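Just below is one structure, and these are the notes that go with it.
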Amino acid sequence: MESTRVDRWLWAVRLTKTRPDAAAACRGGHVRVNDRPAKPATTVSPGDEVRARVGDRTRIVEVVRVIHKRVGAADAVTCFIDRTPAPPPEAVMPLARRERGAGRPTKRDRRMLERFRGHG
(Lines give C-alpha, C1' and ligand atoms only; values in the text may rest on other atoms or scores of the structure.)
Protein backbone atom coordinates (compact mmCIF):
# COMPACT_ATOMS: atom_id res chain seq x y z
CA MET A 1 0.00 0.00 0.00
CA GLU A 2 1.36 3.39 -0.96
CA SER A 3 1.47 6.32 1.46
CA THR A 4 2.97 9.78 1.74
CA ARG A 5 3.31 12.63 4.23
CA VAL A 6 0.13 14.62 4.83
CA ASP A 7 1.83 18.00 4.27
CA ARG A 8 3.18 16.84 0.91
CA TRP A 9 -0.20 15.40 -0.10
CA LEU A 10 -2.14 18.56 0.86
CA TRP A 11 0.23 20.60 -1.28
CA ALA A 12 0.24 18.11 -4.18
CA VAL A 13 -3.57 18.04 -4.48
CA ARG A 14 -3.71 21.84 -4.26
CA LEU A 15 -5.57 22.20 -0.96
CA THR A 16 -2.79 24.55 0.22
CA LYS A 17 -0.74 26.95 -1.88
CA THR A 18 2.68 25.90 -0.59
CA ARG A 19 4.12 22.97 1.29
CA PRO A 20 5.29 25.19 4.18
CA ASP A 21 1.68 26.40 4.49
CA ALA A 22 0.53 22.78 4.77
CA ALA A 23 3.20 22.02 7.38
CA ALA A 24 2.25 25.14 9.36
CA ALA A 25 -1.42 24.12 9.30
CA CYS A 26 -0.43 20.70 10.67
CA ARG A 27 1.72 22.20 13.42
CA GLY A 28 -1.07 24.64 14.28
CA GLY A 29 -3.57 21.82 14.83
CA HIS A 30 -5.68 22.62 11.75
CA VAL A 31 -5.25 19.22 10.08
CA ARG A 32 -6.71 15.90 11.27
CA VAL A 33 -6.29 12.48 9.68
CA ASN A 34 -8.99 9.96 10.63
CA ASP A 35 -10.07 12.27 13.50
CA ARG A 36 -6.59 12.39 15.02
CA PRO A 37 -4.41 15.52 15.10
CA ALA A 38 -1.79 15.26 12.37
CA LYS A 39 1.83 16.33 12.37
CA PRO A 40 3.40 17.19 9.00
CA ALA A 41 5.03 13.73 8.81
CA THR A 42 1.79 11.82 9.45
CA THR A 43 1.24 9.37 6.60
CA VAL A 44 -1.91 9.23 4.51
CA SER A 45 -2.99 6.34 2.33
CA PRO A 46 -6.06 5.67 0.17
CA GLY A 47 -9.24 5.53 2.25
CA ASP A 48 -8.08 8.03 4.91
CA GLU A 49 -10.24 11.02 5.80
CA VAL A 50 -8.39 14.34 6.02
CA ARG A 51 -9.92 17.43 7.65
CA ALA A 52 -7.98 20.59 6.93
CA ARG A 53 -8.89 24.15 7.84
CA VAL A 54 -7.80 26.17 4.84
CA GLY A 55 -8.41 29.90 5.17
CA ASP A 56 -11.82 30.26 6.75
CA ARG A 57 -13.23 26.92 5.51
CA THR A 58 -12.81 23.41 6.84
CA ARG A 59 -12.34 20.97 3.98
CA ILE A 60 -13.21 17.30 4.55
CA VAL A 61 -11.73 15.04 1.90
CA GLU A 62 -11.21 11.32 1.45
CA VAL A 63 -7.92 10.20 -0.05
CA VAL A 64 -8.45 8.23 -3.26
CA ARG A 65 -4.97 8.32 -4.75
CA VAL A 66 -1.62 9.19 -3.22
CA ILE A 67 0.64 11.49 -5.21
CA HIS A 68 4.04 12.89 -4.29
CA LYS A 69 4.47 15.70 -6.82
CA ARG A 70 2.19 18.65 -7.48
CA VAL A 71 -0.01 18.10 -10.53
CA GLY A 72 -2.45 20.20 -12.54
CA ALA A 73 -5.83 21.10 -11.05
CA ALA A 74 -7.69 18.69 -13.34
CA ASP A 75 -5.54 15.77 -12.16
CA ALA A 76 -5.56 16.90 -8.53
CA VAL A 77 -9.34 16.63 -8.13
CA THR A 78 -9.17 12.95 -9.09
CA CYS A 79 -6.98 12.24 -6.04
CA PHE A 80 -9.66 12.93 -3.45
CA ILE A 81 -13.42 12.89 -2.85
CA ASP A 82 -14.65 16.17 -1.39
CA ARG A 83 -17.06 15.51 1.49
CA THR A 84 -17.17 19.12 2.68
CA PRO A 85 -20.72 20.15 3.63
CA ALA A 86 -22.29 22.96 1.65
CA PRO A 87 -21.74 26.43 3.11
CA PRO A 88 -24.66 27.90 5.06
CA PRO A 89 -27.03 30.10 3.06
CA GLU A 90 -26.49 33.83 3.02
CA ALA A 91 -28.11 35.97 5.70
CA VAL A 92 -31.82 36.55 5.20
CA MET A 93 -31.55 40.28 5.81
CA PRO A 94 -29.67 42.01 3.01
CA LEU A 95 -26.52 43.77 4.09
CA ALA A 96 -25.65 47.29 3.05
CA ARG A 97 -22.41 46.99 1.13
CA ARG A 98 -20.26 49.58 -0.54
CA GLU A 99 -17.77 49.01 -3.28
CA ARG A 100 -14.23 48.66 -2.00
CA GLY A 101 -12.30 51.88 -2.49
CA ALA A 102 -15.45 53.98 -2.97
CA GLY A 103 -14.30 56.49 -0.35
CA ARG A 104 -16.36 58.07 2.39
CA PRO A 105 -20.14 57.90 2.14
CA THR A 106 -21.82 61.10 1.04
CA LYS A 107 -24.48 62.77 3.18
CA ARG A 108 -27.15 61.20 0.96
CA ASP A 109 -25.54 57.72 1.35
CA ARG A 110 -25.38 58.16 5.13
CA ARG A 111 -29.06 59.10 5.32
CA MET A 112 -30.03 56.09 3.21
CA LEU A 113 -27.98 53.81 5.47
CA GLU A 114 -29.63 55.26 8.58
CA ARG A 115 -33.09 54.71 7.06
CA PHE A 116 -32.11 51.15 6.13
CA ARG A 117 -30.91 50.44 9.68
CA GLY A 118 -34.05 52.00 11.19
CA HIS A 119 -32.36 54.96 12.87
CA GLY A 120 -34.18 57.73 11.13
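The chains in the C-alpha coordinates are called A, B, ... from first to last as shown; in each chain the residues are counted from 1, and the ligands are counted from 1 in the order shown.
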
### Task
Using DSSP on the backbone, list every residue of chain A that comes out as strand (DSSP E), and give them as a VMD selection string.
chain A and resid 4 to 5 31 to 33 36 to 37 43 to 44 49 to 54 57 to 63 80 to 82

### Task
Can you work out which one of A:Arg104, A:Arg51, A:Lys17, A:Arg36 has the shortest atom-to-atom distance to Phe80 (chain A), counting only C-alpha atoms?
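Result for the nearest residue to Phe80 (chain A): A:Arg51.
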
### Task
Excluding Ala23 (chain A) and residues on its chain fewer than 2 positions from it, collect all residues at most 10 Å away from it, counting only C-alpha atoms, and give them as a PyMOL selection string.
chain A and resi 5-8+10-11+16+18-21+25-28+30-31+38-41

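Look at Asp82 (chain A): the protein and nucleic acid residues within 9 Å of it, using only C-alpha atoms and passing over chain neighbours fewer than 3 places away, are Arg59, Ile60, Val61, Glu62, Val77 and Pro85 of chain A.
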
### Query
Pick from A:His68, A:Arg100, A:Arg83, A:Arg115: nearest to Ala12 (chain A), with only C-alpha atoms counted?
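Closest residue, counting only C-alpha atoms: A:His68.
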
#### Entry: Distance criterion (only C-alpha atoms): nearest to Trp9 (chain A) out of A:Cys79, A:Asp56, A:Asn34, A:Ala74
A:Cys79

### Query
When you draw a straight line from CA of Gly72 (chain A) to CA of Val54 (chain A), how long is it in Å?
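Value for the CA of Gly72 (chain A)-CA of Val54 (chain A) distance: 19.1 Å.
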